[in-house]
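Here is the file my_file36.cif (mmCIF, C-alpha atoms).
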data_data
loop_
_atom_site.label_atom_id
_atom_site.label_comp_id
_atom_site.auth_asym_id
_atom_site.auth_seq_id
_atom_site.Cartn_x
_atom_site.Cartn_y
_atom_site.Cartn_z
CA MET A 1 -185.52 168.23 34.78
CA SER A 2 -184.73 167.20 31.22
CA LEU A 3 -183.69 169.37 28.30
CA SER A 4 -185.18 166.92 25.80
CA ALA A 5 -188.52 168.69 25.57
CA ALA A 6 -186.88 172.06 24.91
CA ALA A 7 -184.60 170.53 22.31
CA GLU A 8 -187.54 168.94 20.52
CA GLU A 9 -189.41 172.26 20.46
CA ASP A 10 -186.45 173.99 18.77
CA SER A 11 -186.10 171.48 15.94
CA ALA A 12 -188.14 169.18 13.77
CA GLN A 13 -185.77 166.34 14.58
CA GLU A 14 -186.64 164.55 17.80
CA MET A 15 -183.64 164.60 20.13
CA HIS A 16 -183.08 162.15 22.98
CA LEU A 17 -180.71 163.66 25.57
CA PRO A 18 -179.21 161.84 28.57
CA ALA A 19 -181.43 161.87 31.66
CA ASP A 20 -180.77 164.52 34.31
CA ILE A 21 -179.59 163.27 37.70
CA ASP A 22 -181.12 164.89 40.78
CA TRP A 23 -180.10 164.75 44.46
CA GLN A 24 -182.20 161.67 45.30
CA MET A 25 -180.51 159.61 42.56
CA LEU A 26 -176.97 160.12 43.92
CA ASP A 27 -174.84 157.82 46.08
CA LYS A 28 -173.77 160.56 48.53
CA SER A 29 -170.57 158.93 49.86
CA LYS A 30 -169.28 158.27 46.33
CA PHE A 31 -170.39 161.77 45.26
CA PHE A 32 -168.37 163.56 47.97
CA PHE A 33 -165.31 161.28 47.83
CA LEU A 34 -164.92 161.40 44.06
CA GLY A 35 -165.85 165.09 44.06
CA ALA A 36 -162.99 165.93 46.43
CA ALA A 37 -160.49 164.13 44.19
CA LEU A 38 -161.76 165.51 40.88
CA PHE A 39 -162.11 169.13 41.99
CA SER A 40 -158.71 169.09 43.71
CA GLY A 41 -157.22 168.31 40.31
CA VAL A 42 -159.21 171.12 38.68
CA SER A 43 -158.07 173.58 41.38
CA ALA A 44 -154.41 172.61 40.91
CA THR A 45 -154.67 173.18 37.15
CA LEU A 46 -156.26 176.64 37.40
CA TYR A 47 -154.46 177.99 40.48
CA PRO A 48 -151.63 179.86 38.65
CA VAL A 49 -154.25 181.93 36.79
CA VAL A 50 -155.80 182.92 40.14
CA VAL A 51 -152.36 184.02 41.40
CA LEU A 52 -151.86 186.19 38.30
CA LYS A 53 -155.30 187.78 38.72
CA THR A 54 -154.65 188.54 42.40
CA ARG A 55 -151.23 190.10 41.71
CA GLN A 56 -152.74 192.32 39.00
CA GLN A 57 -155.61 193.41 41.23
CA ILE A 58 -153.34 194.72 43.99
CA ALA A 59 -150.92 196.39 41.54
CA GLN A 60 -150.77 200.19 41.77
CA THR A 61 -150.14 200.50 38.03
CA GLN A 62 -151.53 198.69 34.99
CA VAL A 63 -149.34 195.67 34.22
CA SER A 64 -150.00 193.06 31.54
CA CYS A 65 -150.75 189.48 32.48
CA ILE A 66 -147.74 188.15 30.52
CA LYS A 67 -145.34 190.59 32.19
CA THR A 68 -146.71 189.65 35.61
CA ALA A 69 -146.24 185.94 34.85
CA PHE A 70 -142.63 186.37 33.67
CA SER A 71 -141.90 188.59 36.66
CA ILE A 72 -143.10 185.91 39.08
CA LEU A 73 -141.15 183.17 37.30
CA ASN A 74 -137.95 185.25 37.21
CA CYS A 75 -138.05 186.39 40.84
CA GLU A 76 -139.76 183.49 42.61
CA GLY A 77 -139.56 180.55 40.25
CA PHE A 78 -142.40 178.17 39.38
CA ARG A 79 -143.32 177.88 43.08
CA GLY A 80 -144.38 181.52 42.99
CA LEU A 81 -147.37 180.53 40.86
CA TYR A 82 -148.52 178.16 43.61
CA ARG A 83 -148.10 180.37 46.67
CA GLY A 84 -150.86 179.55 49.17
CA PHE A 85 -152.06 176.52 47.19
CA GLY A 86 -151.91 174.14 50.16
CA THR A 87 -154.17 176.41 52.20
CA SER A 88 -156.52 176.90 49.27
CA LEU A 89 -156.74 173.15 48.63
CA MET A 90 -157.50 172.37 52.29
CA GLY A 91 -160.37 174.85 52.22
CA THR A 92 -161.62 173.86 48.77
CA ILE A 93 -162.68 170.36 49.85
CA PRO A 94 -165.17 171.36 52.62
CA ALA A 95 -166.25 174.43 50.64
CA ARG A 96 -167.00 172.31 47.58
CA ALA A 97 -168.93 169.82 49.72
CA LEU A 98 -171.09 172.64 51.09
CA TYR A 99 -171.48 174.12 47.62
CA MET A 100 -172.54 170.89 45.93
CA THR A 101 -174.96 169.95 48.71
CA ALA A 102 -176.69 173.34 48.72
CA LEU A 103 -176.73 173.39 44.90
CA GLU A 104 -178.33 169.99 44.39
CA VAL A 105 -180.80 170.19 47.29
CA THR A 106 -182.01 173.66 46.27
CA LYS A 107 -182.19 172.81 42.57
CA SER A 108 -184.17 169.64 43.23
CA ASN A 109 -186.64 171.25 45.65
CA ILE A 110 -187.16 174.53 43.78
CA GLY A 111 -187.42 172.75 40.44
CA THR A 112 -190.09 170.36 41.71
CA ALA A 113 -192.03 173.15 43.44
CA THR A 114 -192.07 175.46 40.40
CA VAL A 115 -193.23 172.67 38.06
CA ARG A 116 -196.05 171.83 40.47
CA LEU A 117 -197.12 175.49 40.38
CA GLY A 118 -197.62 175.18 36.63
CA VAL A 119 -194.46 176.99 35.52
CA PRO A 120 -193.23 175.76 32.09
CA GLU A 121 -190.32 173.34 32.43
CA PRO A 122 -187.65 175.51 30.69
CA THR A 123 -188.57 178.50 32.89
CA ALA A 124 -188.70 176.29 35.99
CA ALA A 125 -185.21 174.96 35.19
CA THR A 126 -183.83 178.50 34.87
CA ILE A 127 -185.42 179.59 38.18
CA ALA A 128 -184.20 176.46 39.96
CA ASN A 129 -180.66 176.91 38.63
CA ALA A 130 -180.55 180.58 39.66
CA ALA A 131 -181.84 179.83 43.18
CA ALA A 132 -179.43 176.90 43.51
CA GLY A 133 -176.44 179.02 42.45
CA LEU A 134 -177.40 181.74 44.92
CA SER A 135 -177.77 179.38 47.92
CA ALA A 136 -174.65 177.38 47.02
CA ALA A 137 -172.47 180.51 46.84
CA MET A 138 -173.75 181.83 50.17
CA ALA A 139 -173.15 178.48 51.90
CA ALA A 140 -169.66 178.03 50.45
CA GLN A 141 -168.52 181.56 51.40
CA LEU A 142 -168.64 180.55 55.08
CA VAL A 143 -165.52 178.50 54.30
CA TRP A 144 -164.14 180.21 51.21
CA THR A 145 -163.82 183.73 52.68
CA PRO A 146 -161.26 182.87 55.42
CA VAL A 147 -159.47 180.55 52.98
CA ASP A 148 -159.32 183.40 50.43
CA VAL A 149 -157.98 185.85 53.02
CA VAL A 150 -155.16 183.50 54.04
CA SER A 151 -154.28 182.13 50.58
CA GLN A 152 -154.35 185.55 48.90
CA ARG A 153 -151.98 187.02 51.47
CA LEU A 154 -149.62 184.13 50.82
CA MET A 155 -149.97 184.68 47.05
CA VAL A 156 -148.79 188.28 47.15
CA GLN A 157 -146.24 188.42 49.96
CA GLY A 158 -142.62 188.95 49.04
CA ASN A 159 -143.31 190.36 45.59
CA ALA A 160 -141.91 193.85 46.19
CA GLY A 161 -138.93 193.25 43.98
CA SER A 162 -140.75 191.44 41.23
CA GLY A 163 -140.90 194.49 38.99
CA SER A 164 -144.58 193.90 38.31
CA GLY A 165 -145.81 197.15 39.80
CA SER A 166 -147.44 195.32 42.70
CA SER A 167 -147.82 196.71 46.17
CA SER A 168 -145.02 195.78 48.53
CA ILE A 169 -146.15 192.98 50.83
CA ALA A 170 -143.57 191.82 53.33
CA CYS A 171 -142.81 188.12 53.86
CA LYS A 172 -144.35 187.86 57.31
CA TYR A 173 -146.10 184.47 57.02
CA GLN A 174 -144.31 181.13 57.11
CA GLY A 175 -147.26 179.22 55.74
CA GLY A 176 -151.02 178.80 55.88
CA PHE A 177 -151.26 177.90 59.58
CA ASP A 178 -148.90 180.72 60.54
CA ALA A 179 -150.94 183.22 58.51
CA PHE A 180 -154.19 181.94 60.05
CA ARG A 181 -152.76 182.27 63.57
CA LYS A 182 -151.34 185.77 63.02
CA ILE A 183 -154.47 187.15 61.35
CA LEU A 184 -156.65 185.70 64.10
CA SER A 185 -154.32 187.08 66.78
CA SER A 186 -154.12 190.60 65.35
CA ASP A 187 -157.60 191.10 63.89
CA GLY A 188 -159.71 188.42 65.53
CA LEU A 189 -162.39 186.48 63.65
CA ARG A 190 -163.31 189.66 61.73
CA GLY A 191 -159.86 189.60 60.13
CA LEU A 192 -160.51 186.15 58.65
CA TYR A 193 -163.89 187.28 57.35
CA ARG A 194 -162.68 190.58 55.91
CA GLY A 195 -164.55 191.15 52.68
CA PHE A 196 -167.25 188.59 53.57
CA GLY A 197 -170.07 191.00 52.74
CA ILE A 198 -168.68 191.99 49.37
CA SER A 199 -167.80 188.34 48.68
CA ILE A 200 -171.48 187.51 49.06
CA LEU A 201 -172.36 190.51 46.84
CA THR A 202 -169.82 189.28 44.27
CA TYR A 203 -170.31 185.52 44.23
CA ALA A 204 -173.99 185.06 45.12
CA PRO A 205 -175.38 187.10 42.17
CA SER A 206 -172.55 185.84 39.96
CA ASN A 207 -173.42 182.22 40.72
CA ALA A 208 -177.14 182.82 40.31
CA MET A 209 -176.43 184.54 36.98
CA TRP A 210 -174.03 181.79 35.90
CA TRP A 211 -176.35 178.87 36.63
CA ALA A 212 -179.34 180.64 35.09
CA SER A 213 -177.25 181.58 32.02
CA TYR A 214 -175.93 178.03 31.79
CA SER A 215 -179.48 176.66 31.78
CA VAL A 216 -180.51 179.09 29.01
CA THR A 217 -177.35 178.76 26.87
CA GLN A 218 -177.49 174.97 27.07
CA ARG A 219 -181.02 175.00 25.64
CA VAL A 220 -179.95 177.49 22.95
CA VAL A 221 -176.93 175.38 21.94
CA TRP A 222 -178.96 172.16 21.88
CA GLY A 223 -181.57 173.97 19.78
CA ALA A 224 -178.84 175.01 17.33
CA VAL A 225 -177.56 171.43 17.19
CA GLY A 226 -181.09 170.20 16.52
CA CYS A 227 -181.59 172.75 13.71
CA TYR A 228 -178.28 171.77 12.12
CA ILE A 229 -179.22 168.08 12.17
CA SER A 230 -182.69 168.81 10.75
CA LYS A 231 -181.19 170.79 7.84
CA ARG A 232 -178.54 168.15 7.25
CA ASP A 233 -181.18 165.39 7.06
CA GLU A 234 -183.81 167.50 5.26
CA GLY A 235 -183.99 165.23 2.24
CA ASN A 236 -183.77 162.07 4.31
CA GLN A 237 -187.19 160.46 4.81
CA SER A 238 -185.97 158.16 7.57
CA CYS A 239 -185.39 160.86 10.19
CA GLY A 240 -185.55 158.98 13.45
CA ILE A 241 -184.58 159.95 16.99
CA PHE A 242 -181.19 161.65 17.30
CA ARG A 243 -179.16 160.38 20.25
CA PRO A 244 -176.04 162.51 20.77
CA ASP A 245 -172.90 160.64 21.81
CA SER A 246 -170.96 161.45 24.98
CA LYS A 247 -168.49 163.70 23.11
CA THR A 248 -171.31 165.87 21.76
CA VAL A 249 -172.91 166.12 25.22
CA VAL A 250 -169.58 167.19 26.81
CA ALA A 251 -168.92 169.69 24.00
CA VAL A 252 -172.34 171.33 24.43
CA GLN A 253 -171.98 171.46 28.22
CA GLY A 254 -168.47 172.94 27.96
CA LEU A 255 -169.45 175.58 25.40
CA SER A 256 -172.54 176.59 27.41
CA ALA A 257 -170.47 176.84 30.60
CA ALA A 258 -167.76 178.97 28.95
CA MET A 259 -170.33 181.39 27.54
CA ALA A 260 -172.04 181.75 30.92
CA GLY A 261 -168.69 182.12 32.73
CA GLY A 262 -167.46 184.88 30.43
CA VAL A 263 -170.60 186.96 30.92
CA SER A 264 -170.45 186.58 34.72
CA ALA A 265 -166.74 187.53 34.82
CA ILE A 266 -167.25 190.80 32.96
CA ILE A 267 -170.27 191.90 35.00
CA THR A 268 -168.83 191.12 38.46
CA MET A 269 -165.17 192.11 37.85
CA PRO A 270 -165.23 195.48 39.72
CA LEU A 271 -166.68 193.83 42.85
CA ASP A 272 -164.03 191.09 42.73
CA THR A 273 -161.21 193.66 42.47
CA ILE A 274 -162.55 195.61 45.47
CA LYS A 275 -162.96 192.37 47.45
CA THR A 276 -159.38 191.28 46.73
CA ARG A 277 -157.99 194.69 47.74
CA LEU A 278 -159.93 194.59 51.03
CA GLN A 279 -158.71 191.09 51.85
CA VAL A 280 -155.05 191.59 50.92
CA LEU A 281 -153.95 195.18 51.60
CA ASP A 282 -153.53 195.44 55.35
CA GLY A 283 -153.79 198.99 56.68
CA GLU A 284 -152.80 197.82 60.15
CA GLU A 285 -149.17 197.65 59.01
CA ASN A 286 -148.98 201.45 58.88
CA GLY A 287 -150.88 202.02 62.10
CA LYS A 288 -154.07 202.80 60.21
CA ARG A 289 -157.50 201.26 60.35
CA PRO A 290 -158.23 198.52 57.78
CA PRO A 291 -159.41 200.00 54.47
CA THR A 292 -163.13 200.46 53.92
CA ILE A 293 -165.00 199.76 50.68
CA GLY A 294 -165.30 203.50 49.98
CA LYS A 295 -161.58 204.12 50.59
CA THR A 296 -160.65 201.15 48.42
CA ILE A 297 -162.76 202.45 45.53
CA LYS A 298 -161.23 205.94 45.88
CA ASN A 299 -157.70 204.49 45.82
CA LEU A 300 -158.47 202.43 42.72
CA VAL A 301 -159.96 205.40 40.86
CA ARG A 302 -157.02 207.61 41.88
CA GLU A 303 -154.49 205.03 40.66
CA GLY A 304 -156.00 204.41 37.24
CA GLY A 305 -159.52 205.73 36.84
CA TRP A 306 -162.55 203.46 36.70
CA THR A 307 -160.68 201.08 34.39
CA ALA A 308 -158.54 200.15 37.41
CA CYS A 309 -161.55 198.18 38.67
CA TYR A 310 -161.02 195.90 35.67
CA ARG A 311 -157.38 195.08 36.37
CA GLY A 312 -156.92 191.34 36.05
CA LEU A 313 -159.99 191.00 33.79
CA GLY A 314 -158.04 188.91 31.27
CA PRO A 315 -156.91 186.26 33.78
CA ARG A 316 -160.28 186.34 35.57
CA TRP A 317 -162.24 185.97 32.32
CA ALA A 318 -159.95 183.12 31.26
CA SER A 319 -160.06 181.59 34.74
CA MET A 320 -163.86 181.75 35.02
CA SER A 321 -164.41 180.45 31.49
CA MET A 322 -161.91 177.61 31.88
CA SER A 323 -163.09 176.93 35.42
CA ALA A 324 -166.72 176.89 34.32
CA THR A 325 -165.97 174.55 31.43
CA THR A 326 -163.86 172.13 33.48
CA MET A 327 -166.15 172.43 36.50
CA ILE A 328 -169.37 171.66 34.69
CA THR A 329 -167.95 168.81 32.61
CA THR A 330 -166.28 167.37 35.72
CA TYR A 331 -169.44 167.91 37.74
CA GLU A 332 -171.72 166.19 35.22
CA PHE A 333 -169.19 163.34 34.94
CA LEU A 334 -169.09 163.10 38.75
CA LYS A 335 -172.89 162.90 38.95
CA ARG A 336 -172.97 160.08 36.43
CA LEU A 337 -170.25 158.18 38.30
CA SER A 338 -172.16 158.66 41.57
CA ALA A 339 -175.63 157.70 40.31
CA LYS A 340 -177.19 154.78 42.20
CA ASN A 341 -178.74 153.21 39.10
CA GLN A 342 -176.37 153.47 36.14
CA GLU A 343 -178.69 151.60 33.76
CA SER A 344 -181.42 154.26 33.98
CA LEU A 345 -179.09 156.95 32.55
CA ALA A 346 -179.01 155.63 29.02
#

Is it possible to give me this structure as structure tokens?
Amino acid sequence: MSLSAAAEEDSAQEMHLPADIDWQMLDKSKFFFLGAALFSGVSATLYPVVVLKTRQQIAQTQVSCIKTAFSILNCEGFRGLYRGFGTSLMGTIPARALYMTALEVTKSNIGTATVRLGVPEPTAATIANAAAGLSAAMAAQLVWTPVDVVSQRLMVQGNAGSGSGSSSIACKYQGGFDAFRKILSSDGLRGLYRGFGISILTYAPSNAMWWASYSVTQRVVWGAVGCYISKRDEGNQSCGIFRPDSKTVVAVQGLSAAMAGGVSAIITMPLDTIKTRLQVLDGEENGKRPPTIGKTIKNLVREGGWTACYRGLGPRWASMSMSATTMITTYEFLKRLSAKNQESLA
């Protein structure tokens, strides 16, 4: 579904935007192969921010992001910022494949169905994006939850002497496969899917909100661009069709994604903190049962009040905004590279 109509409604200047690419227009083999390469690069770039967020979330006292970063670098070196990255990367590829498939199939089908029911195109696009984000998050969590459990335990182990106020996690895993084997042996399959329910509660609404917000903010930003161009060319009688260049398109997509990502980060932060605590802090070490959601919330409130649920907000807000910006620009670029008919995209 195109944004051109919405852009034209918001400005007197007619705006010709690049055509949208739906699931049927994609070369699937190229889409998945290039997607694996591109998103692996994005994950590598943003991974240190995820490590900082995770360390802050399990800390028993409030510690600044900068102090946590220097503490990791001083005690563990640069490698400390990439603990568990290999495991995370191995899981990211199949999880991203599931995510992108569910996203595009749902968006295409729901979008077509809502338009046929007579729903206005801008509203149909928002509904389709929200439904696509919801289904994509739920599908991807089947892979991402066990990957999160393993990679997060690797992120935080051995940081007792870091001086960052973090909980003491012993170095009991030699790597991703060793952690996977030990968690499966001690806790069974449930251990690998610890926090699965709250992960769905965190990421499914967050994704639905993000994709819906992205659809709305993109139309708002394009409307603002159209208004600016109309005012700039107000005295010009030869106002033709405005065709934004690729830099303008990328800038609008990136800005819209960052705005949507920031809103989602703030709203879902408490759920993400609880999820991380459940997946990382292992009560079995002290002969106790694994922590429940209620116990985790009580511990957080006791440690620092309700604001403790927002520990790591800075890195998470930055991570989600940067991730959203790089993800959406990479994703749109990937779709254009993978389109079957390149000439029809002009």

- Message: Quick check on the file I pasted: which residues fall under the PyMOL selection byres ((chain A and resi 332) around 12)? Write them as a ChimeraX atom specification.
- Response: /A:18-22,26,31,35,38,100,104,246,249-250,252-254,257,324-331,333-339

- Message: Running the PyMOL selection byres ((chain A and resi 140-143) around 8) on this model by hand, what would come out? Give it as a VMD selection string.
- Response: chain A and resid 91 94 to 96 98 to 99 136 to 139 144 to 147 196 199 to 200

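The space separating CA of Ile229 (chain A) from CA of Ala125 (chain A) comes to 24.8 Å.
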
- So, counting all atoms listed in the file, which residue among A:Val115, A:Ile127, A:Val150, A:Val63 is closest to Gly314 (chain A)?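 Nearest to Gly314 (chain A): A:Val63.
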
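Take CA of Ile297 (chain A) and CA of Gln56 (chain A): the distance between them is 15.7 Å.
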